[in-house]
Structures are given as C-alpha cells and as structure tokens.
$ cat entry_31.txt   # compact mmCIF, C-alpha atoms
# COMPACT_ATOMS: atom_id res chain seq x y z
CA MET K 1 -61.79 -57.61 1.10
CA GLN K 2 -62.24 -58.96 -2.35
CA GLY K 3 -61.97 -62.67 -2.04
CA ASP K 4 -64.97 -63.41 0.09
CA SER K 5 -66.24 -60.20 0.79
CA ALA K 6 -68.58 -54.42 -4.43
CA GLY K 7 -71.95 -53.40 -3.16
CA ALA K 8 -74.03 -53.83 -0.08
CA ALA K 9 -75.85 -56.79 1.39
CA VAL K 10 -78.43 -56.08 4.02
CA HIS K 11 -80.60 -58.25 6.23
CA HIS K 12 -83.29 -56.23 7.95
CA PRO K 13 -84.50 -57.65 11.16
CA PRO K 14 -87.26 -56.32 13.31
CA GLY K 15 -84.68 -54.40 15.17
CA PRO K 16 -84.25 -50.82 16.23
CA VAL K 17 -84.43 -48.07 13.69
CA GLY K 18 -83.45 -44.45 13.74
CA ARG K 19 -80.06 -44.96 15.38
CA ASP K 20 -76.55 -45.20 13.98
CA HIS K 21 -74.45 -47.12 16.48
CA PHE K 22 -71.16 -45.83 15.07
CA GLY K 23 -72.05 -42.21 14.50
CA GLU K 24 -74.19 -39.70 16.24
CA ASP K 25 -77.51 -40.92 17.53
CA ASP K 26 -80.49 -39.80 15.55
CA ARG K 27 -82.82 -37.68 17.54
CA ALA K 28 -85.91 -39.59 18.58
CA ILE K 29 -88.99 -38.09 17.00
CA PRO K 30 -91.05 -36.59 19.82
CA PRO K 31 -94.78 -37.16 19.82
CA ALA K 32 -96.85 -34.48 18.17
CA SER K 33 -98.06 -31.71 20.44
CA TRP K 34 -101.71 -31.47 21.45
CA PRO K 35 -102.37 -28.36 19.32
CA ARG K 36 -101.09 -30.15 16.24
CA ARG K 37 -103.14 -33.24 17.05
CA CYS K 38 -106.26 -31.13 17.54
CA ALA K 39 -105.63 -29.32 14.24
CA GLY K 40 -105.11 -32.67 12.51
CA THR K 41 -108.36 -33.99 14.01
CA PHE K 42 -110.34 -30.96 12.81
CA LEU K 43 -108.77 -31.26 9.37
CA GLY K 44 -109.66 -34.95 9.38
CA CYS K 45 -113.33 -34.05 9.74
CA LEU K 46 -113.08 -31.94 6.57
CA THR K 47 -111.20 -34.62 4.60
CA ALA K 48 -113.78 -37.17 5.75
CA LEU K 49 -116.48 -34.93 4.35
CA LEU K 50 -114.56 -34.82 1.05
CA GLY K 51 -114.40 -38.63 1.02
CA CYS K 52 -118.10 -38.94 1.75
CA LEU K 53 -118.96 -36.48 -1.03
CA TYR K 54 -116.63 -38.33 -3.39
CA PHE K 55 -118.41 -41.61 -2.79
CA LEU K 56 -121.83 -39.97 -3.11
CA VAL K 57 -121.10 -38.00 -6.29
CA VAL K 58 -118.51 -40.05 -8.18
CA GLY K 59 -119.75 -43.40 -6.88
CA THR K 60 -123.30 -42.59 -7.90
CA ALA K 61 -122.20 -41.37 -11.34
CA LEU K 62 -120.07 -44.44 -11.95
CA GLY K 63 -122.57 -46.88 -10.44
CA PRO K 64 -124.17 -48.03 -13.71
CA PHE K 65 -120.76 -48.44 -15.35
CA LEU K 66 -119.51 -50.46 -12.37
CA LEU K 67 -122.46 -52.83 -12.73
CA TRP K 68 -121.94 -53.35 -16.49
CA PRO K 69 -119.15 -55.92 -17.06
CA LEU K 70 -117.85 -54.24 -20.23
CA THR K 71 -117.19 -50.91 -18.52
CA ARG K 72 -116.52 -52.13 -14.98
CA PHE K 73 -112.74 -52.16 -15.30
CA SER K 74 -112.51 -48.61 -16.70
CA ALA K 75 -115.00 -47.22 -14.21
CA LEU K 76 -113.17 -48.90 -11.33
CA GLY K 77 -109.91 -47.36 -12.55
CA ILE K 78 -111.48 -43.88 -12.51
CA LEU K 79 -112.90 -44.49 -9.03
CA MET K 80 -109.55 -45.77 -7.76
CA THR K 81 -107.65 -42.75 -9.14
CA GLY K 82 -109.63 -40.32 -7.04
CA ALA K 83 -109.66 -42.65 -4.05
CA ARG K 84 -105.88 -42.94 -4.07
CA ARG K 85 -105.53 -39.14 -4.21
CA LEU K 86 -107.81 -38.74 -1.22
CA THR K 87 -105.95 -41.53 0.57
CA SER K 88 -102.65 -39.79 -0.18
CA LEU K 89 -104.11 -36.64 1.38
CA GLU K 90 -104.98 -38.63 4.50
CA ARG K 91 -101.48 -40.06 4.62
CA THR K 92 -100.00 -36.57 4.43
CA ARG K 93 -102.33 -35.41 7.21
CA ARG K 94 -101.25 -38.26 9.47
CA ALA K 95 -97.57 -37.57 8.75
CA VAL K 96 -97.75 -33.78 9.25
CA PHE K 97 -100.05 -33.50 12.26
CA PHE K 98 -99.45 -36.83 14.04
CA ASP K 99 -95.82 -37.57 13.05
CA ASP K 100 -96.77 -41.00 11.74
CA ARG K 101 -94.12 -42.79 9.69
CA PHE K 102 -95.17 -45.34 7.08
CA PRO K 103 -93.16 -47.55 4.66
CA GLU K 104 -92.21 -45.43 1.66
CA HIS K 105 -92.46 -48.09 -1.02
CA TYR K 106 -95.57 -49.87 0.20
CA THR K 107 -98.60 -49.59 -2.09
CA ALA K 108 -101.90 -50.77 -0.72
CA PRO K 109 -104.14 -52.83 -3.00
CA GLY K 110 -107.25 -51.20 -4.41
CA GLN K 111 -109.67 -53.05 -2.16
CA LYS K 112 -107.80 -51.91 0.93
CA VAL K 113 -107.77 -48.30 -0.31
CA LEU K 114 -111.53 -48.25 -0.87
CA HIS K 115 -112.15 -49.90 2.48
CA TYR K 116 -109.92 -47.38 4.26
CA LEU K 117 -111.54 -44.39 2.56
CA ALA K 118 -115.04 -45.65 3.38
CA VAL K 119 -114.22 -46.32 7.04
CA ARG K 120 -112.26 -43.09 7.31
CA SER K 121 -115.17 -41.06 5.92
CA TYR K 122 -117.53 -42.63 8.43
CA THR K 123 -115.24 -42.20 11.45
CA GLY K 124 -114.32 -38.66 10.40
CA LEU K 125 -117.96 -37.63 10.19
CA MET K 126 -118.63 -39.29 13.55
CA CYS K 127 -115.69 -37.37 14.98
CA GLY K 128 -117.18 -34.16 13.62
CA VAL K 129 -120.49 -34.96 15.30
CA VAL K 130 -118.75 -35.64 18.63
CA ILE K 131 -116.80 -32.38 18.37
CA ALA K 132 -120.02 -30.52 17.60
CA LEU K 133 -121.64 -32.07 20.69
CA LEU K 134 -118.62 -31.05 22.73
CA GLY K 135 -118.94 -27.48 21.49
CA PHE K 136 -122.66 -27.52 22.24
CA GLY K 137 -121.85 -28.75 25.77
CA ILE K 138 -119.41 -25.90 26.25
CA VAL K 139 -122.14 -23.42 25.26
CA LEU K 140 -124.56 -25.02 27.73
CA ALA K 141 -121.88 -24.89 30.43
CA GLY K 142 -121.49 -21.18 29.76
CA LEU K 143 -125.24 -20.66 30.09
CA LEU K 144 -125.20 -22.67 33.31
CA VAL K 145 -122.47 -20.49 34.76
CA ARG K 146 -124.37 -17.39 33.70
CA GLY K 147 -127.58 -18.64 35.33
CA THR K 148 -125.71 -19.50 38.52
CA ALA K 149 -124.17 -16.04 38.63
CA ARG K 150 -127.61 -14.45 38.31
CA GLY K 151 -129.06 -16.75 40.98
CA SER K 152 -131.81 -18.09 38.72
CA LEU K 153 -130.92 -21.78 39.45
CA ARG K 154 -131.65 -23.67 42.63
CA TRP K 155 -128.86 -25.77 44.16
CA ASP K 156 -130.58 -29.08 43.31
CA GLU K 157 -130.98 -28.02 39.65
CA LEU K 158 -127.35 -26.89 39.58
CA LEU K 159 -126.17 -30.21 41.05
CA MET K 160 -128.21 -32.19 38.54
CA GLN K 161 -126.88 -30.13 35.62
CA VAL K 162 -123.27 -30.53 36.80
CA LEU K 163 -123.61 -34.31 37.19
CA LEU K 164 -125.29 -34.69 33.82
CA GLY K 165 -122.76 -32.43 32.14
CA GLY K 166 -119.83 -34.32 33.71
CA VAL K 167 -121.14 -37.68 32.49
CA LEU K 168 -121.73 -36.32 28.98
CA LEU K 169 -118.29 -34.70 28.95
CA PHE K 170 -116.68 -38.00 29.98
CA LEU K 171 -118.53 -39.91 27.26
CA ASP K 172 -117.66 -37.26 24.69
CA VAL K 173 -113.96 -37.32 25.51
CA GLN K 174 -113.88 -41.13 25.51
CA GLY K 175 -115.61 -41.10 22.15
CA LEU K 176 -112.99 -38.76 20.75
CA ARG K 177 -110.18 -40.94 22.10
CA SER K 178 -111.72 -44.09 20.61
CA LEU K 179 -112.26 -42.46 17.23
CA ALA K 180 -108.69 -41.12 17.23
CA ALA K 181 -107.35 -44.58 18.04
CA LEU K 182 -109.47 -46.10 15.28
CA ASP K 183 -108.21 -43.48 12.84
CA ALA K 184 -104.61 -44.33 13.69
CA ARG K 185 -105.21 -48.08 13.45
CA ILE K 186 -106.89 -48.03 10.05
CA ALA K 187 -104.14 -45.72 8.78
CA ARG K 188 -101.48 -48.22 9.85
CA GLU K 189 -103.38 -51.03 8.17
CA CYS K 190 -103.76 -49.10 4.90
CA PHE K 191 -100.38 -47.37 4.62
CA GLY K 192 -98.33 -50.31 5.85
CA PRO K 193 -98.47 -54.09 5.80
CA SER K 194 -101.28 -55.64 7.78
CA GLU K 195 -100.61 -58.02 10.65
CA GLN K 196 -101.21 -60.98 8.35
CA GLU K 197 -98.79 -59.61 5.77
CA VAL K 198 -96.16 -58.94 8.44
CA LEU K 199 -96.60 -62.46 9.81
CA ARG K 200 -96.35 -63.94 6.31
CA ARG K 201 -93.18 -61.97 5.60
CA ARG K 202 -91.75 -63.01 8.94
CA ILE K 203 -92.41 -66.67 8.15
CA ASP K 204 -90.71 -66.25 4.77
CA GLU K 205 -87.72 -64.55 6.44
CA LEU K 206 -87.40 -67.33 9.00
CA ALA K 207 -87.62 -70.01 6.31
CA THR K 208 -84.98 -68.22 4.23
CA SER K 209 -82.79 -67.71 7.29
CA ARG K 210 -83.03 -71.35 8.27
CA ALA K 211 -82.08 -72.51 4.78
CA ALA K 212 -79.17 -70.06 4.74
CA VAL K 213 -77.94 -71.34 8.11
CA VAL K 214 -78.04 -74.91 6.83
CA ARG K 215 -76.04 -73.90 3.76
CA ALA K 216 -73.57 -71.97 5.91
CA VAL K 217 -73.06 -74.97 8.21
CA ASP K 218 -72.45 -77.25 5.22
CA ALA K 219 -70.00 -74.75 3.74
CA GLU K 220 -68.19 -74.53 7.08
CA ARG K 221 -67.91 -78.29 7.27
CA ARG K 222 -66.48 -78.43 3.76
CA ARG K 223 -64.00 -75.69 4.66
CA ILE K 224 -62.85 -77.57 7.76
CA GLU K 225 -62.48 -80.77 5.77
CA ARG K 226 -60.48 -78.91 3.12
CA ASP K 227 -58.23 -77.31 5.75
CA LEU K 228 -57.57 -80.69 7.35
CA HIS K 229 -57.01 -82.50 4.06
CA ASP K 230 -54.99 -79.92 2.16
CA GLY K 231 -53.11 -78.48 5.12
CA ILE K 232 -52.66 -80.60 8.22
CA GLN K 233 -52.80 -83.95 6.46
CA GLN K 234 -50.13 -82.93 3.96
CA ARG K 235 -47.89 -81.68 6.74
CA LEU K 236 -48.32 -84.95 8.62
CA VAL K 237 -47.30 -86.87 5.50
CA ALA K 238 -44.25 -84.63 5.10
CA LEU K 239 -43.37 -85.08 8.77
CA GLY K 240 -43.62 -88.86 8.47
CA MET K 241 -41.41 -88.86 5.40
CA LEU K 242 -38.75 -86.76 7.16
CA LEU K 243 -38.75 -89.04 10.17
CA GLY K 244 -38.57 -92.12 7.92
CA ARG K 245 -35.62 -90.74 6.00
CA ALA K 246 -33.88 -89.83 9.25
CA ARG K 247 -34.44 -93.35 10.63
CA ARG K 248 -33.15 -95.06 7.47
CA GLY K 249 -30.22 -92.71 6.95
CA ARG K 250 -26.74 -93.88 7.82
CA ASP K 251 -25.07 -90.47 7.81
CA PRO K 252 -25.39 -88.90 11.30
CA GLY K 253 -25.07 -85.40 9.89
CA GLN K 254 -27.85 -85.94 7.37
CA ALA K 255 -30.02 -87.57 10.03
CA ASP K 256 -29.51 -84.57 12.31
CA THR K 257 -30.52 -82.22 9.48
CA LEU K 258 -33.64 -84.27 8.76
CA LEU K 259 -34.58 -84.29 12.44
CA ARG K 260 -34.28 -80.51 12.60
CA GLN K 261 -36.52 -80.26 9.54
CA ALA K 262 -38.98 -82.68 11.15
CA HIS K 263 -38.95 -80.62 14.33
CA GLN K 264 -39.67 -77.42 12.37
CA GLU K 265 -42.39 -79.21 10.45
CA SER K 266 -44.01 -80.30 13.71
CA GLN K 267 -43.95 -76.70 14.94
CA ASP K 268 -45.58 -75.49 11.73
CA LEU K 269 -48.10 -78.30 11.98
CA LEU K 270 -48.97 -77.35 15.55
CA ALA K 271 -49.42 -73.69 14.56
CA GLU K 272 -51.68 -74.63 11.65
CA LEU K 273 -53.68 -77.01 13.81
CA ARG K 274 -54.12 -74.25 16.39
CA GLU K 275 -55.26 -71.90 13.61
CA VAL K 276 -57.82 -74.41 12.37
CA THR K 277 -59.21 -74.98 15.87
CA TRP K 278 -59.47 -71.22 16.42
CA ARG K 279 -61.45 -70.91 13.20
CA VAL K 280 -63.78 -73.70 14.31
CA TYR K 281 -64.37 -72.24 17.79
CA PRO K 282 -61.82 -70.31 19.86
CA SER K 283 -61.34 -71.66 23.36
CA ALA K 284 -60.72 -68.12 24.65
CA LEU K 285 -64.25 -67.17 23.69
CA GLY K 286 -65.73 -69.61 26.16
CA THR K 287 -63.21 -69.11 28.96
CA LEU K 288 -62.04 -65.48 28.75
CA GLY K 289 -64.85 -63.76 26.86
CA LEU K 290 -65.31 -61.85 23.64
CA LYS K 291 -62.75 -59.12 24.35
CA GLU K 292 -59.87 -61.55 24.84
CA ALA K 293 -60.93 -63.62 21.85
CA LEU K 294 -60.87 -60.52 19.65
CA GLY K 295 -57.43 -59.76 21.04
CA GLY K 296 -56.33 -63.15 19.73
CA VAL K 297 -57.66 -62.23 16.29
CA SER K 298 -55.55 -59.06 16.33
CA GLU K 299 -52.44 -60.98 17.38
CA ARG K 300 -52.76 -63.56 14.62
CA CYS K 301 -53.48 -61.02 11.86
CA GLY K 302 -50.64 -59.93 9.61
CA LEU K 303 -51.95 -56.34 9.59
CA PRO K 304 -52.08 -53.83 12.43
CA VAL K 305 -55.54 -54.05 13.95
CA ARG K 306 -56.91 -51.29 16.19
CA THR K 307 -59.74 -52.56 18.39
CA GLU K 308 -62.24 -50.47 20.34
CA PHE K 309 -64.33 -52.51 22.77
CA ASP K 310 -67.12 -50.77 24.65
CA VAL K 311 -69.40 -53.42 26.10
CA ILE K 312 -70.81 -53.34 29.61
CA GLY K 313 -72.40 -56.45 31.06
CA GLU K 314 -72.59 -60.00 29.83
CA LEU K 315 -73.63 -60.95 26.34
CA PRO K 316 -75.63 -64.00 25.27
CA GLN K 317 -73.35 -66.75 24.01
CA PRO K 318 -74.85 -66.86 20.47
CA VAL K 319 -74.30 -63.10 20.17
CA GLU K 320 -70.70 -63.37 21.32
CA THR K 321 -70.05 -66.19 18.87
CA ALA K 322 -71.60 -64.31 15.94
CA ALA K 323 -69.70 -61.12 16.81
CA TYR K 324 -66.43 -63.04 17.03
CA PHE K 325 -66.84 -64.70 13.65
CA VAL K 326 -67.87 -61.42 12.01
CA VAL K 327 -64.64 -59.81 13.21
CA SER K 328 -62.46 -62.86 12.57
CA GLU K 329 -63.69 -63.50 9.02
CA SER K 330 -63.64 -59.80 8.10
CA VAL K 331 -60.11 -59.28 9.41
CA THR K 332 -58.91 -62.43 7.68
CA ASN K 333 -60.39 -61.31 4.35
CA ALA K 334 -58.79 -57.89 4.74
CA ALA K 335 -55.40 -59.43 5.34
CA LYS K 336 -55.67 -61.88 2.44
CA HIS K 337 -57.47 -60.02 -0.31
CA SER K 338 -57.88 -56.28 0.20
CA ARG K 339 -54.23 -55.09 0.07
CA ALA K 340 -55.02 -53.05 3.14
CA THR K 341 -52.41 -51.57 5.45
CA ALA K 342 -54.56 -51.28 8.58
CA VAL K 343 -57.84 -52.55 10.01
CA SER K 344 -60.04 -51.00 12.68
CA VAL K 345 -62.57 -52.94 14.76
CA ARG K 346 -65.28 -51.32 16.88
CA VAL K 347 -67.55 -53.33 19.14
CA MET K 348 -70.15 -51.36 21.09
CA ARG K 349 -73.27 -52.17 23.01
CA ARG K 350 -76.02 -49.58 22.91
CA GLY K 351 -79.16 -50.59 24.72
CA GLY K 352 -80.24 -54.02 23.54
CA VAL K 353 -78.05 -54.09 20.41
CA LEU K 354 -74.42 -55.15 20.00
CA ALA K 355 -72.94 -53.21 17.08
CA VAL K 356 -69.84 -54.52 15.33
CA GLN K 357 -67.92 -52.63 12.66
CA VAL K 358 -64.80 -53.76 10.78
CA ARG K 359 -63.18 -51.24 8.45
CA ASP K 360 -60.05 -51.53 6.32
CA ASP K 361 -58.24 -49.09 4.01
CA GLY K 362 -57.90 -51.59 1.17
CA GLU K 363 -58.92 -51.41 -2.47
CA GLY K 364 -62.55 -52.36 -1.86
CA GLY K 365 -64.69 -54.32 -4.29
CA ALA K 366 -65.77 -56.92 -1.74
CA ASP K 367 -68.44 -59.35 -2.90
CA PRO K 368 -71.27 -59.75 -0.36
CA MET K 369 -72.30 -63.00 -2.05
CA GLY K 370 -68.92 -64.63 -1.54
CA SER K 371 -68.84 -67.74 0.59
CA GLY K 372 -67.29 -66.03 3.60
CA LEU K 373 -69.49 -62.95 3.77
CA SER K 374 -72.65 -64.79 2.79
CA GLY K 375 -71.99 -67.18 5.65
CA LEU K 376 -71.61 -64.26 8.05
CA SER K 377 -74.81 -62.76 6.70
CA SER K 378 -76.66 -66.00 7.36
CA ARG K 379 -75.21 -66.28 10.85
CA VAL K 380 -76.30 -62.72 11.70
CA ALA K 381 -79.73 -63.16 10.11
CA ALA K 382 -80.31 -66.26 12.24
CA LEU K 383 -80.16 -63.97 15.29
CA ASP K 384 -82.54 -61.42 13.72
CA GLY K 385 -79.60 -59.11 13.21
CA LEU K 386 -78.60 -56.70 10.49
CA PHE K 387 -75.55 -57.29 8.29
CA ARG K 388 -74.26 -54.72 5.81
CA VAL K 389 -71.27 -54.59 3.46
CA ASP K 390 -70.17 -51.22 2.06
CA SER K 391 -67.23 -51.76 -0.28
CA PRO K 392 -66.98 -49.36 -3.23
CA VAL K 393 -64.23 -49.98 -5.77
CA GLY K 394 -61.14 -48.24 -4.49
CA GLY K 395 -62.14 -48.69 -0.88
CA PRO K 396 -62.54 -48.48 1.95
CA THR K 397 -64.49 -51.55 2.97
CA THR K 398 -66.81 -51.35 5.96
CA ILE K 399 -68.61 -54.38 7.34
CA THR K 400 -71.32 -53.70 9.91
CA ALA K 401 -73.35 -56.11 12.00
CA GLU K 402 -76.02 -55.26 14.56
CA LEU K 403 -77.00 -58.11 16.85
CA PRO K 404 -79.99 -57.97 19.21
CA CYS K 405 -78.96 -58.98 22.72
CA ALA K 406 -82.45 -59.59 24.11
$ encode --input "entry_31.txt" --output "structure tokens"
Amino acid sequence: MQGDSAGAAVHHPPGPVGRDHFGEDDRAIPPASWPRRCAGTFLGCLTALLGCLYFLVVGTALGPFLLWPLTRFSALGILMTGARRLTSLERTRRAVFFDDRFPEHYTAPGQKVLHYLAVRSYTGLMCGVVIALLGFGIVLAGLLVRGTARGSLRWDELLMQVLLGGVLLFLDVQGLRSLAALDARIARECFGPSEQEVLRRRIDELATSRAAVVRAVDAERRRIERDLHDGIQQRLVALGMLLGRARRGRDPGQADTLLRQAHQESQDLLAELREVTWRVYPSALGTLGLKEALGGVSERCGLPVRTEFDVIGELPQPVETAAYFVVSESVTNAAKHSRATAVSVRVMRRGGVLAVQVRDDGEGGADPMGSGLSGLSSRVAALDGLFRVDSPVGGPTTITAELPCA
C-alpha cells in the first residue's frame, strides 16, 4: 500500500494493554502473593533506613555547599546522584515484590525524586515501628496464653487483655494497610506521570486529535469535490456530447452507434456515482450493518479479499463507521498501489475493543503520513483508538486499528 499508506504510525489511547487481539492473549499478571508482599514490606523498612541515613550523612555534609550559591549546583548534583540510585532501588523493590509496572522512559524531575525519597524514608520508618509494635503484641499475646494456661489470670483480667489486644491489633493492621497504600501511591507519582501531567497530556492529545479530525474532514471534502469534478462531471459532459451528436446526425446507423455509446457511458457514470457515494457513506452500513458493508468492499475490490468477522452484539455507530473506512481505505490502497495478489481482513470484538486488521502480500513501503492513512489515523484517534501501520519494504503490509466500544 504505497500510495497512501514504510514504517509505523501509532496513536496510543488510554485503552487496554497487555493483549494482542490477533494473536494469543497475553497472560494477565497476577497480583503478588502475600509472602512476597510481606518480604517487600520488610525490605522497604531497610531501604527507608538507608534513605534516612543518606539524608542525615550526605545532606549534612553537603549542607554548607548547598547554601553557598557558587557551589550549590555541584552539591545538588552530588546529592541527586545518590538520591536517584536509592530511588532506582525502590523502583526495583516495587517491581520485584509488588509486580508494579511503571513507564520505562519516564524520568522524574529532581524535586520529585527528593520529595519521594524523603516521604518514603519517613513512611518506611513508620512502617518499621508498626511492625515492631505488632511483633511486641505477638509476644504479649504469647505471655497472655501462657498465664491463662497456668491459671494465674482472673477471667475479668483475661477479658480486658483480650479486648485491649484486639483493638490494638486492629489499629496496627489498619496502620500497615494505610502505610502500604501510601507507599504505592507515592511510587506511582514518582515513577510515572502525576495526575496533573496525565491530564495535561490528555488535553494535548484531544487538541491534536481535534485538529487532525478537522484536517481529515477538509481533505475528504476536497477528495469528494475532485471525484465529482474530474470523474462524474467529465462523464456527464461526454454523455451530453454523445446525445447531441446522435440528435444532430442524419445517418441512422451512426445515430444508433452514438446512442449505444451514450447508453454505455450512462452505465459507467452510474457505476462511478455509486462508487463515490459508497466512499462518502455506504447505505448498507446503516441498513444492513458492518458485516454486509464489508462484504460490499470485498465485492468491489479487484483483488481476492478473505474476510473474517467475529463480532457478537451491536456496535456503536461511530465505531462501525470508523471500522468500515479503515477496511475500505486499506483494501483500496492495496488494490491500487501495493501490487498485492490477495488481501485478508479480520474484524474481532474482544471485550470492550473492536480490533480490525487488514493485511496484504504486496511490496510494502506504505507511508503512514500519506493523506489516506493519516486520515484513518485521525479518525481512529478521535475515538481514543489505536492505529498502527507495519509496512517494511518488500512487504507485507499490516494495518491494525483497535477501537474502544464503550
């Protein structure tokens, strides 16, 4: 698909990850087991102690240099080097023991790193204190059981100790849960974009998507005008000329020949007009549904098209329209530009995502920034979908779109 369609263009929506809709499903990562979480929590107490000691020792040593403007930059660089190493250790701990996944290429600014390390050191030490109190409570519980077995405790003393121990155990466990939740939250804020950054990126994506949709609509209008002017209008002029010559002709045989030509021209004109209307919006899509509309694409294509359609339930109309145009434009490009001999189309719905894949055996080298594919990319991005073009030189070309159905 060279003309409008070498490389890959991707729009990443806030859609599902970890699943390939056309291959085998990736295994969902199960939550970490309780033993691993407990080991990670204990290790976090030790790393928090390291962070606290780092601030006390290195921060104290670098304090005068941080206060002096001439050496502040160098001292801050030394402080940040160690802080980032300790932060990297915390990131590894979260990934190994809690199965947390963070953006690989995101680098937190220095202020955020120092803030995270300071808060993490405090919460880690607090967690260590709570764990120590829990261990102390377990020892007291053992002594209580021992005293009860020996009969040295009265029933009212035993009841009071049990009630007090239960309340303290509840508070201790709730404290551990709160500290663990805080640890996870500050890790997400440090090792990934904050909520403000995500919102800002989302606003930028929506603004870019809106501008792309406007450009795609303008390009579609120009294409329709060009099809009408260069195709249908020229055929109408030719049809009028044939009818005029037939009307003015005096030879019945020549007039009959001209009328046959005019009749053929009208048939070609009707077929081209039907093709233009299908490219604007196929009537079958609104009346018969996406499956029948895709069948029409296969019938009009000059190449053999094998279609697999696995969709259960109704689809939102914008999703159906986007899926149709992805298939239609991709198949048309394959027939016109790729020198392909066959095209395969797969449309599947998995959960809340409609996955569309168009693959041809052509020579590849499709340009994702061409007018046709860039328009499809904008159309898919407007629905928070994902659009990808994989077209190495020599082929094959695979166009994939994932459209959220929610």
$ closest_residue --input "entry_31.txt" --among "K:Ala255, K:Ala181, K:Val58, K:Ala187" --to "Tyr116 in chain K" --atoms "all atoms listed in the file"
K:Ala187
$ residues_around --input "entry_31.txt" --residues "Ser121 in chain K" --least-positions-apart "3" --cutoff "9 Å" --atoms "only C-alpha atoms" --output "PDB file with C-alpha atoms, in the coordinates of the input"
ATOM      1  CA  GLY K  44    -109.660 -34.950   9.380  1.00  0.00           C
ATOM      2  CA  CYS K  45    -113.330 -34.050   9.740  1.00  0.00           C
ATOM      3  CA  THR K  47    -111.200 -34.620   4.600  1.00  0.00           C
ATOM      4  CA  ALA K  48    -113.780 -37.170   5.750  1.00  0.00           C
ATOM      5  CA  LEU K  49    -116.480 -34.930   4.350  1.00  0.00           C
ATOM      6  CA  LEU K  50    -114.560 -34.820   1.050  1.00  0.00           C
ATOM      7  CA  GLY K  51    -114.400 -38.630   1.020  1.00  0.00           C
ATOM      8  CA  CYS K  52    -118.100 -38.940   1.750  1.00  0.00           C
ATOM      9  CA  TYR K 116    -109.920 -47.380   4.260  1.00  0.00           C
ATOM     10  CA  LEU K 117    -111.540 -44.390   2.560  1.00  0.00           C
ATOM     11  CA  ALA K 118    -115.040 -45.650   3.380  1.00  0.00           C
ATOM     12  CA  GLY K 124    -114.320 -38.660  10.400  1.00  0.00           C
ATOM     13  CA  LEU K 125    -117.960 -37.630  10.190  1.00  0.00           C
ATOM     14  CA  MET K 126    -118.630 -39.290  13.550  1.00  0.00           C
TER      15      MET K 126
END
$ residues_around --input "entry_31.txt" --residues "range 330-339 of chain K" --least-positions-apart "4" --cutoff "10 Å" --atoms "only C-alpha atoms" --output "PyMOL selection string"
chain K and resi 1-5+297-298+300-305+324-326+343-345+357-366+372-373+376+394-400
$ residues_around --input "entry_31.txt" --residues "Asp183 in chain K" --least-positions-apart "3" --cutoff "8 Å" --atoms "all atoms listed in the file" --output "VMD selection string"
chain K and resid 120 123 179 to 180 186 to 187
$ atom_distance --input "entry_31.txt" --atom1 "CA of Arg210 in chain K" --atom2 "CA of Ala382 in chain K"
7.0 Å
$ closest_residue --input "entry_31.txt" --among "K:Leu53, K:Leu176, K:Leu144, K:Leu114" --to "Thr41 in chain K" --atoms "all atoms listed in the file"
K:Leu176
$ atom_distance --input "entry_31.txt" --atom1 "CA of Leu86 in chain K" --atom2 "CA of Pro193 in chain K"
19.3 Å
$ atom_distance --input "entry_31.txt" --atom1 "CA of Leu269 in chain K" --atom2 "CA of Arg223 in chain K"
17.7 Å
$ residues_around --input "entry_31.txt" --residues "Val356 in chain K" --least-positions-apart "4" --cutoff "6 Å" --atoms "all atoms listed in the file" --output "list of chain:residue names"
K:Arg346, K:Val347, K:Thr400, K:Ala401
$ write_last_selection --input "entry_31.txt" --atoms "C-alpha atoms" --output "PDB file, in the frame of the given file"
ATOM      1  CA  ARG K 346     -65.280 -51.320  16.880  1.00  0.00           C
ATOM      2  CA  VAL K 347     -67.550 -53.330  19.140  1.00  0.00           C
ATOM      3  CA  THR K 400     -71.320 -53.700   9.910  1.00  0.00           C
ATOM      4  CA  ALA K 401     -73.350 -56.110  12.000  1.00  0.00           C
TER       5      ALA K 401
END
$ build_atoms --input "entry_31.txt" --residues "range 301-315 of chain K" --atoms "N, CA and C atoms" --output "short mmCIF file (atom, residue, chain, number, x, y, z; two decimals), in the frame of the given file"
data_model
loop_
_atom_site.label_atom_id
_atom_site.label_comp_id
_atom_site.auth_asym_id
_atom_site.auth_seq_id
_atom_site.Cartn_x
_atom_site.Cartn_y
_atom_site.Cartn_z
N CYS K 301 -53.35 -61.68 13.16
CA CYS K 301 -53.48 -61.02 11.86
C CYS K 301 -52.15 -60.43 11.44
N GLY K 302 -51.89 -60.48 10.13
CA GLY K 302 -50.64 -59.93 9.61
C GLY K 302 -50.67 -58.43 9.44
N LEU K 303 -51.81 -57.80 9.70
CA LEU K 303 -51.95 -56.34 9.59
C LEU K 303 -52.16 -55.75 10.98
N PRO K 304 -51.77 -54.49 11.15
CA PRO K 304 -52.08 -53.83 12.43
C PRO K 304 -53.60 -53.64 12.57
N VAL K 305 -54.11 -54.10 13.69
CA VAL K 305 -55.54 -54.05 13.95
C VAL K 305 -55.77 -53.20 15.20
N ARG K 306 -56.56 -52.14 15.06
CA ARG K 306 -56.91 -51.29 16.19
C ARG K 306 -58.33 -51.64 16.63
N THR K 307 -58.46 -52.07 17.88
CA THR K 307 -59.74 -52.56 18.39
C THR K 307 -60.28 -51.64 19.46
N GLU K 308 -61.52 -51.23 19.32
CA GLU K 308 -62.24 -50.47 20.34
C GLU K 308 -63.38 -51.35 20.86
N PHE K 309 -63.35 -51.61 22.16
CA PHE K 309 -64.33 -52.51 22.77
C PHE K 309 -65.04 -51.76 23.88
N ASP K 310 -66.32 -51.52 23.68
CA ASP K 310 -67.12 -50.77 24.65
C ASP K 310 -68.40 -51.56 24.93
N VAL K 311 -68.27 -52.55 25.76
CA VAL K 311 -69.40 -53.42 26.10
C VAL K 311 -69.46 -53.56 27.61
N ILE K 312 -70.59 -53.22 28.17
CA ILE K 312 -70.81 -53.34 29.61
C ILE K 312 -71.83 -54.44 29.85
N GLY K 313 -71.49 -55.35 30.75
CA GLY K 313 -72.40 -56.45 31.06
C GLY K 313 -72.11 -57.67 30.20
N GLU K 314 -72.77 -58.75 30.55
CA GLU K 314 -72.59 -60.00 29.83
C GLU K 314 -73.43 -60.04 28.57
N LEU K 315 -72.92 -60.78 27.60
CA LEU K 315 -73.63 -60.95 26.34
C LEU K 315 -74.10 -62.39 26.21
#
